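Peer 1: Pasting in a structure now, in structure tokens, and then I'll have a few things to ask.
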Amino acid sequence: MKGATSRKRLRPTQNTDFSVKEHILHSTAIDESDPKRTAFPSHFRDIISPIVITAPSGFPQFTLVLQQHGFLVSKPRNHIRVDQLVFRKDLSDWIESKSKQMPIADNEASKFIFSMKGYLNVRENFDQSMTPTLHPDEVFQDSLLHNLLSISVLQRHLTNIILPAISEVSCVASSQEQVDRLAAMLGQLKWLPSRAGLTSYSSIMLGTVETATNLAKKTLIRFYPDIIPESHHSQVATTLKNMLETADSPIVSAIMDCFSSLDISLAEWDGVRDAATTQMLNAPLQDFPAYFAFLFRTEDATNLSGIILGMREKLELIPLGGDDAKNAIHMVEIVEKIRFCASVNPNMVPIWTKQVKDDLTSDSSSVKPLDLIMLLIFGETFKAALVPLRLICLEHKLVTKLLDNLLQHNMPIVNQVFQTLTKLCDSFLRNPKDAKAYSSVQHILVKLFVALSPLETQEITSNLICILMNGYPNSRDVVLKILTEITEREPKKLLMFAPHFMGVLEGAIKFPAHQIRQLMNILATLAHVKDCTDSERFGCEFTILLRKYLTHSNTQTRCFGVMGALATVHQLSTNSETFNEDRILELLRLAWSFVKREQDPCCIFFDELSNIVDALPDKTCQEFHELIAQSFVSSWTNMESTGVPLHKLQSKQTTLKLTVQMEAGVTGDETNENTVLVFEEKPLGLSPHVIPSQTRLVCKLTEKTKGEIDLILAAPLLFPDVNLYYSHVGSIPACTFSQRFQLGIYLIVGINYFRECISAFVGKEDASLRIQVWYRLTNVVFLQQILSQNFHEFPSLPMAYVTGKPTVSGGGGASTSSDITRKKPKPKGKKKKKKNEDEEDPLPEESLGFEVCVQPPQLIPHLRRLDPTTFALLQAPLSIGSAINFSTIWQKLKDGADITTVAKSVEILSPESLSLLLLEINQQTKDPANSFNVLEVKDLVKWITQQIHIIRPVLENRSAKKCYRSLDECFQLILTTLSSYCEQVSGLSDCEEQEKLSERVVSGLTAELEIEENLDENSKIHAAVKFIQSLSSCIRQPVKAVEHLKSLASFHALFPDDDVVKTTLGM
């Protein structure tokens, strides 16, 4: 038989004297002649034979009777040859039949019971009787003691033995060994088929707990539902309810577990639940899992809602973790218990979710960190939980508070919901409709990356890289911001994934310029981390890759390499730990040597270098200032133009008539009076498209090196004759295709050159430079008006920035404009209505405003941005009368007039120049790459408000009908500017920055009002909104009324919860 040969035979026991109370019966006498003995399988006989029972064992009656009914008492384990139910039935019948014999005291049943008591009074026998019994089929069945307890006639005798033993052990149990022995005793009383005649059994068991030690109490209470009859469970509930008020933490846990298994009436259940709910609010953190297991069994929605609400408030009052590691472990247990309860009780999820949604609607500050955790857990299986999660993510302040709390106190819990949280962020980033949540997602992912281990951050990084390669443009912007912040905080951890970013470069060539710049800055930072072997290795690979890009035959790839090289230069310059001036010079010289003869890479080199001039070391700036300035002078100026025949300065390709024009009458530099800027390409030279970007770089380098200004702001241009080509309607359409092509290029290059000059010189104190800046602003307005009126006539116009092209061209020729030649729209004729002489002259419903005449939207891609410092020109007063005649100004200066006085007289805005500045502010405010620079202009709202106070009297009185229309257009642009400015401020994710800029808006709007200086903040807000409301007196058209309402709405967005604003606006 199976296993028979592998078992060892038991050795016969030696005959010794046995004491009933000190020894255990080691063997059972087996009668070999008994016919039942042969019924044992052979392998079973091998286990127990040969066994000899002798009289000194003391309990032959007990063991022999058990043997006769199929139960063998032996060591180390008892055996049973029949099913335990059969054994119980046979033994019960035998006892019942023998108990009828007379005399009762000497019948076999009485002797058996007496022998059983003697056997069990020996501790070793007692412990042996509690061990599981082995069946011939090698399966374990109930112990001997449990089998005997299942026989009704023996229960009273056995409980008289076991209950005192339980009471004795429970009084002294102080070690785990004693507790285990107590649990073994209690286990014998579980699931008995009946408890006949045990009238005081439940009372005895409940009374035992009063004298038991804490360790024993915990064990006893947990066994009560299984060892006390269901009919007495109400008595158990009453006892435990009284104990709950004074019980220690381990006991509370056992009590709540016991409550969860009791079978009591509904009324008793409600009383216990109410007591447990009240007790929970004062319980320590470690008891919460036990309370949850009981309380979350509640199915009634009203009661369950109260339980959840009380629990949420309680957990907010407890310090969640702190420096105590045990509390963090307890919180993990709580979360796990709630997760389990949610899977068992489906009513729990919608109730908790609804409470959080209601809190978000009424007062988002009442949402707790635990709510965020629970919603993340619920969101794994219940889609309804995702709704409040999305609402939470839309509030950046709330996300910051909740997540920072969790990361600071409950990192183990964050680890449990980490995957759900990253999946949620990933779903936000992949959906462009969730852009409002991007700031919250950025905060979440950065915090998680910093707090988690490198292995856990792998999932975050892989998701970010996938979105970077395949996501929407807005999503890529957010991902790059996240990676930039991570690079600044944890570069060494991010270096583990550097090879993945190298793979991103292959597809990043098609990214927009600002995204390429951010990506290159990230890689350059990772390549220069101090004291990091991985960074050194990656830096070598990155440098090799840059050289490959810079020397590539494809122009687009070379442009990509230029941005990478300049990003590396910036990193080397700004990081004090990695500063290396020789390395900076080497990279700049390398990049310049490969791009100095190509238009597109050269433009990118100039623009990117201009952006980082402030960070470059002085030696590098000095060398490149001399290099770039010399290149500009030799390429684009003619120092002897007055002695050169005019026909030699004409355009050779298009036969345009060029004249020296737009010369300022004051230069301040006698050596450069004969300098002329020539926008003609020389043999083997650069295209004139690089002039604006090169101008910007030279000005930046000159300012950094504190050298002389080599570019002359007052120098005239060799430009197509304005009177011949631009002044008459129909002149440009009459030109040939080639001429119109060149005329458009001249206009764009000239306008952008003047724009860069204005940006470079606008803040200078020198009077002559101030006059030239205002003159160049007039030139820009004039040329942009010409360009706007004839925009459809030019076959192709160069883009303002090479990186702004749809595709980077191969260099050399004019780049393709995104606006190809289009047909000129025919104006619709309208019948004129006669009017009475007394009627006011109404404004036409459709008029060509400044947005169309000065800077239409289709012109924006071809114009270089004005520096935000240029908006300081808004401080100048607005001229309602005629424009300044600069010819008169030049004559005054020649006649010896005081230049300071003349400078003040020209610092006046015309409606056209005011509209140009306002349109520029609007355009830059809406551009995410530049909006913050505009918002940082300190007194911008104050300057705009000053213009309102100048325009307002004219619009209200309609006293100057000739200029009314132009001022009305300026007023509409002012409203639009205020609206867009406030919208951008209200959309900032940085709360401190938003608060600071909101104060600037209020102070700017109230700067010109007659109010007390010591007014509180609410009074100033009230005055500001009243001022915006009062502007309705200037409105005559629905279009302006709409802009006025937008400005009010955007101001309200700055203070959405302010009662003053709501009251003033009638909300």
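Letters for chains follow the order of the structure tokens (A, B, ...), residue numbers begin at 1 for each chain, and ligand numbers begin at 1 in the order shown.
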Please identify all polymer residues within 9 Å of Met374 (chain A), counting only C-alpha atoms, omitting same-chain residues fewer than 2 positions from it, and present them as a VMD selection string.

Peer 2: chain A and resid 335 338 to 339 349 352 to 353 369 to 372 376 to 379 385

Peer 1: Given the selection you just returned, output its residues as a file containing all heavy atoms, formatted as a compact mmCIF listing (two decimals), in the first residue's frame.

Peer 2:
```
# COMPACT_ATOMS: atom_id res chain seq x y z
N VAL A 335 -7.16 51.87 4.68
CA VAL A 335 -7.46 51.94 3.24
C VAL A 335 -7.80 50.56 2.70
O VAL A 335 -8.74 50.39 1.91
CB VAL A 335 -6.26 52.55 2.49
CG1 VAL A 335 -6.47 52.44 0.98
CG2 VAL A 335 -6.08 54.01 2.88
N ILE A 338 -11.29 49.62 3.86
CA ILE A 338 -12.34 50.33 3.12
C ILE A 338 -12.45 49.78 1.70
O ILE A 338 -13.55 49.66 1.15
CB ILE A 338 -12.03 51.85 3.09
CG1 ILE A 338 -12.08 52.42 4.50
CG2 ILE A 338 -13.02 52.58 2.20
CD1 ILE A 338 -11.73 53.88 4.60
N ARG A 339 -11.33 49.45 1.12
CA ARG A 339 -11.36 48.85 -0.23
C ARG A 339 -12.18 47.56 -0.21
O ARG A 339 -13.00 47.32 -1.11
CB ARG A 339 -9.93 48.58 -0.70
CG ARG A 339 -9.85 48.11 -2.16
CD ARG A 339 -8.51 47.44 -2.41
NE ARG A 339 -7.39 48.34 -2.21
CZ ARG A 339 -6.82 49.05 -3.17
NH1 ARG A 339 -7.27 48.96 -4.40
NH2 ARG A 339 -5.79 49.83 -2.91
N VAL A 349 -20.05 53.19 -2.17
CA VAL A 349 -19.36 54.01 -3.18
C VAL A 349 -20.20 55.20 -3.63
O VAL A 349 -19.72 56.35 -3.60
CB VAL A 349 -18.96 53.14 -4.39
CG1 VAL A 349 -18.34 53.99 -5.49
CG2 VAL A 349 -18.00 52.05 -3.95
N TRP A 352 -20.42 57.87 -0.71
CA TRP A 352 -19.15 58.60 -0.50
C TRP A 352 -18.90 59.55 -1.68
O TRP A 352 -18.52 60.71 -1.49
CB TRP A 352 -18.01 57.61 -0.37
CG TRP A 352 -16.79 58.17 0.30
CD1 TRP A 352 -16.22 59.40 0.09
CD2 TRP A 352 -15.99 57.55 1.29
NE1 TRP A 352 -15.13 59.58 0.88
CE2 TRP A 352 -14.95 58.45 1.64
CE3 TRP A 352 -16.03 56.31 1.91
CZ2 TRP A 352 -13.98 58.15 2.57
CZ3 TRP A 352 -15.05 56.01 2.85
CH2 TRP A 352 -14.04 56.92 3.17
N THR A 353 -19.12 59.08 -2.88
CA THR A 353 -18.90 59.91 -4.06
C THR A 353 -19.80 61.14 -4.04
O THR A 353 -19.36 62.25 -4.36
CB THR A 353 -19.15 59.08 -5.33
OG1 THR A 353 -18.30 57.94 -5.33
CG2 THR A 353 -18.87 59.90 -6.57
N PRO A 369 -7.94 64.66 2.41
CA PRO A 369 -6.99 63.80 1.70
C PRO A 369 -7.48 62.38 1.53
O PRO A 369 -7.24 61.73 0.51
CB PRO A 369 -5.74 63.87 2.59
CG PRO A 369 -5.85 65.17 3.31
CD PRO A 369 -7.31 65.39 3.52
N LEU A 370 -8.20 61.88 2.57
CA LEU A 370 -8.72 60.52 2.47
C LEU A 370 -9.73 60.41 1.33
O LEU A 370 -9.85 59.35 0.70
CB LEU A 370 -9.36 60.11 3.79
CG LEU A 370 -9.90 58.67 3.84
CD1 LEU A 370 -8.76 57.68 3.73
CD2 LEU A 370 -10.71 58.43 5.09
N ASP A 371 -10.45 61.50 1.05
CA ASP A 371 -11.42 61.48 -0.05
C ASP A 371 -10.72 61.22 -1.37
O ASP A 371 -11.21 60.47 -2.21
CB ASP A 371 -12.17 62.81 -0.11
CG ASP A 371 -13.09 63.00 1.09
OD1 ASP A 371 -13.59 61.98 1.59
OD2 ASP A 371 -13.30 64.15 1.51
N LEU A 372 -9.59 61.88 -1.56
CA LEU A 372 -8.84 61.66 -2.80
C LEU A 372 -8.40 60.21 -2.92
O LEU A 372 -8.51 59.60 -3.99
CB LEU A 372 -7.62 62.60 -2.83
CG LEU A 372 -6.69 62.47 -4.04
CD1 LEU A 372 -7.45 62.77 -5.33
CD2 LEU A 372 -5.49 63.39 -3.90
N LEU A 376 -9.78 57.44 -5.72
CA LEU A 376 -8.85 56.71 -6.58
C LEU A 376 -9.08 55.20 -6.46
O LEU A 376 -8.99 54.47 -7.46
CB LEU A 376 -7.40 57.06 -6.19
CG LEU A 376 -6.95 58.47 -6.56
CD1 LEU A 376 -5.61 58.79 -5.91
CD2 LEU A 376 -6.86 58.65 -8.06
N ILE A 377 -9.38 54.74 -5.26
CA ILE A 377 -9.67 53.31 -5.08
C ILE A 377 -10.98 52.94 -5.74
O ILE A 377 -11.08 51.93 -6.46
CB ILE A 377 -9.71 52.97 -3.57
CG1 ILE A 377 -8.30 53.08 -2.97
CG2 ILE A 377 -10.26 51.57 -3.34
CD1 ILE A 377 -8.25 52.89 -1.48
N PHE A 378 -12.00 53.78 -5.53
CA PHE A 378 -13.29 53.51 -6.16
C PHE A 378 -13.20 53.57 -7.67
O PHE A 378 -13.88 52.83 -8.38
CB PHE A 378 -14.34 54.52 -5.67
CG PHE A 378 -14.59 54.49 -4.19
CD1 PHE A 378 -15.10 55.59 -3.53
CD2 PHE A 378 -14.30 53.35 -3.44
CE1 PHE A 378 -15.33 55.58 -2.17
CE2 PHE A 378 -14.52 53.33 -2.07
CZ PHE A 378 -15.03 54.44 -1.44
N GLY A 379 -12.36 54.47 -8.15
CA GLY A 379 -12.25 54.65 -9.60
C GLY A 379 -11.68 53.45 -10.32
O GLY A 379 -11.78 53.35 -11.55
N ALA A 385 -16.98 57.29 -9.73
CA ALA A 385 -16.00 57.97 -8.88
C ALA A 385 -15.07 58.87 -9.68
O ALA A 385 -14.40 59.74 -9.12
CB ALA A 385 -15.18 56.95 -8.10
```

Peer 1: For Phe428 (chain A), work out the shell of residues within 10 Å, counting only C-alpha atoms and skipping chain neighbours fewer than 6 positions away, then give it as a ChimeraX atom specification.

Peer 2: /A:390,393,422,434-438,440-441,475

Peer 1: Store the residues of this selection in a file with N, CA, C and O atoms, as a PDB file, in the first residue's frame.

Peer 2:
```pdb
ATOM      1  N   ARG A 390     -12.281  64.224 -11.455  1.00  0.00           N
ATOM      2  CA  ARG A 390     -12.009  65.229 -12.481  1.00  0.00           C
ATOM      3  C   ARG A 390     -12.288  66.634 -11.945  1.00  0.00           C
ATOM      4  O   ARG A 390     -11.561  67.585 -12.254  1.00  0.00           O
ATOM      5  N   CYS A 393      -9.353  67.679  -9.865  1.00  0.00           N
ATOM      6  CA  CYS A 393      -8.175  68.015 -10.669  1.00  0.00           C
ATOM      7  C   CYS A 393      -8.313  69.365 -11.356  1.00  0.00           C
ATOM      8  O   CYS A 393      -7.308  69.956 -11.775  1.00  0.00           O
ATOM      9  N   THR A 422      -1.582  57.654 -11.763  1.00  0.00           N
ATOM     10  CA  THR A 422      -0.862  57.891 -13.015  1.00  0.00           C
ATOM     11  C   THR A 422      -1.754  57.657 -14.233  1.00  0.00           C
ATOM     12  O   THR A 422      -1.648  58.365 -15.235  1.00  0.00           O
ATOM     13  N   ASP A 434      -9.339  68.402 -21.671  1.00  0.00           N
ATOM     14  CA  ASP A 434      -9.055  68.502 -20.234  1.00  0.00           C
ATOM     15  C   ASP A 434      -7.906  69.459 -19.954  1.00  0.00           C
ATOM     16  O   ASP A 434      -7.171  69.288 -18.979  1.00  0.00           O
ATOM     17  N   ALA A 435      -7.749  70.469 -20.786  1.00  0.00           N
ATOM     18  CA  ALA A 435      -6.610  71.383 -20.630  1.00  0.00           C
ATOM     19  C   ALA A 435      -6.642  72.131 -19.308  1.00  0.00           C
ATOM     20  O   ALA A 435      -5.588  72.515 -18.780  1.00  0.00           O
ATOM     21  N   LYS A 436      -7.833  72.335 -18.738  1.00  0.00           N
ATOM     22  CA  LYS A 436      -7.928  73.063 -17.472  1.00  0.00           C
ATOM     23  C   LYS A 436      -7.264  72.300 -16.323  1.00  0.00           C
ATOM     24  O   LYS A 436      -6.919  72.898 -15.307  1.00  0.00           O
ATOM     25  N   ALA A 437      -7.128  71.013 -16.494  1.00  0.00           N
ATOM     26  CA  ALA A 437      -6.528  70.195 -15.432  1.00  0.00           C
ATOM     27  C   ALA A 437      -5.022  70.028 -15.608  1.00  0.00           C
ATOM     28  O   ALA A 437      -4.390  69.340 -14.804  1.00  0.00           O
ATOM     29  N   TYR A 438      -4.442  70.621 -16.643  1.00  0.00           N
ATOM     30  CA  TYR A 438      -3.025  70.396 -16.931  1.00  0.00           C
ATOM     31  C   TYR A 438      -2.123  70.858 -15.792  1.00  0.00           C
ATOM     32  O   TYR A 438      -1.118  70.210 -15.486  1.00  0.00           O
ATOM     33  N   SER A 440      -2.782  70.932 -12.616  1.00  0.00           N
ATOM     34  CA  SER A 440      -2.871  69.952 -11.530  1.00  0.00           C
ATOM     35  C   SER A 440      -2.111  68.680 -11.880  1.00  0.00           C
ATOM     36  O   SER A 440      -1.417  68.102 -11.032  1.00  0.00           O
ATOM     37  N   VAL A 441      -2.234  68.246 -13.125  1.00  0.00           N
ATOM     38  CA  VAL A 441      -1.519  67.044 -13.567  1.00  0.00           C
ATOM     39  C   VAL A 441      -0.014  67.262 -13.451  1.00  0.00           C
ATOM     40  O   VAL A 441       0.727  66.366 -13.016  1.00  0.00           O
ATOM     41  N   SER A 475      -0.686  68.958 -25.152  1.00  0.00           N
ATOM     42  CA  SER A 475      -0.237  67.917 -24.223  1.00  0.00           C
ATOM     43  C   SER A 475       1.287  67.855 -24.172  1.00  0.00           C
ATOM     44  O   SER A 475       1.877  67.673 -23.108  1.00  0.00           O
TER      45      SER A 475
END
```

Peer 1: If you run DSSP on the backbone here, which positions in region 378-473 of chain A get alpha helix (DSSP H)? Please write them as a PyMOL selection string.

Peer 2: chain A and resi 378+386-393+396-409+411-429+438-451+454-470+473

Peer 1: Report as a tab-separated table the residues of region 498-536 of chain A within 9 Å of region 572-593 of chain A, each with its shortest atom pair and distance in Å (one decimal), using only C-alpha atoms, ordered by chain and increasing residue number.

Peer 2:
```
residue	atom	partner	partner_atom	distance
A:Ala524	CA	A:Leu572	CA	8.4
A:Thr525	CA	A:Leu572	CA	8.4
A:His528	CA	A:Thr578	CA	6.3
A:Val529	CA	A:Thr578	CA	7.2
A:Lys530	CA	A:Glu577	CA	6.3
```

Peer 1: Can those selected residues be exported to a file as a tab-separated table (two decimals), in the first residue's frame so that it contains N, CA and C atoms?

Peer 2:
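Once written, out-v3.tsv looks like this:
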```tsv
chain	number	residue	atom	x	y	z
A	524	ALA	N	20.32	68.95	-22.38
A	524	ALA	CA	21.58	69.62	-22.02
A	524	ALA	C	21.79	69.62	-20.51
A	525	THR	N	20.71	69.76	-19.76
A	525	THR	CA	20.82	69.71	-18.30
A	525	THR	C	21.25	68.33	-17.84
A	528	HIS	N	24.95	67.51	-18.17
A	528	HIS	CA	25.95	68.25	-17.38
A	528	HIS	C	25.57	68.27	-15.91
A	529	VAL	N	25.34	67.11	-15.34
A	529	VAL	CA	25.08	66.98	-13.90
A	529	VAL	C	26.41	66.71	-13.21
A	530	LYS	N	26.71	67.49	-12.21
A	530	LYS	CA	28.01	67.38	-11.55
A	530	LYS	C	28.12	66.08	-10.76
```

Peer 1: Got a sec: who's within 7 Å of region 264-279 of chain A, counting only C-alpha atoms, leaving out chain neighbours fewer than 3 positions off, as a ChimeraX atom specification?

Peer 2: /A:233-234,241,282-283,295,307

Peer 1: For region 751-762 of chain A, list every protein, DNA or RNA residue within 9 Å, evaluated using only C-alpha atoms, and leave out those in the same chain fewer than 3 positions away; present the list as an NGL selection string.

Peer 2: :A and (691-693 or 695-696 or 699-700 or 703 or 711 or 713 or 746-748 or 765 or 769-770 or 772-774 or 776-777 or 779-781 or 783-784 or 800 or 862-870 or 872-873)

Peer 1: Work out how far CA of Gln61 (chain A) is from CA of Glu108 (chain A), in Å to one decimal.

Peer 2: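 Interatomic distance, CA of Glu108 (chain A) to CA of Gln61 (chain A): 8.5 Å.
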
Peer 1: For Ser913 (chain A), list every protein, DNA or RNA residue within 8 Å, evaluated using only C-alpha atoms, and leave out those in the same chain fewer than 2 positions away; present the list as an MDAnalysis selection string.

Peer 2: chainID A and resid 777:778 781 909:911 915:917

Peer 1: Choose the residue, out of A:Cys963, A:Leu997, A:Ile151, A:Met256, that has the smallest atom-to-atom separation from Met280 (chain A); count only C-alpha atoms.

Peer 2: A:Met256

Peer 1: Rank nothing, just name the residue among A:Cys425, A:Leu658, A:Ala183, A:Ile162 nearest to Leu717 (chain A), using only C-alpha atoms.

Peer 2: A:Leu658
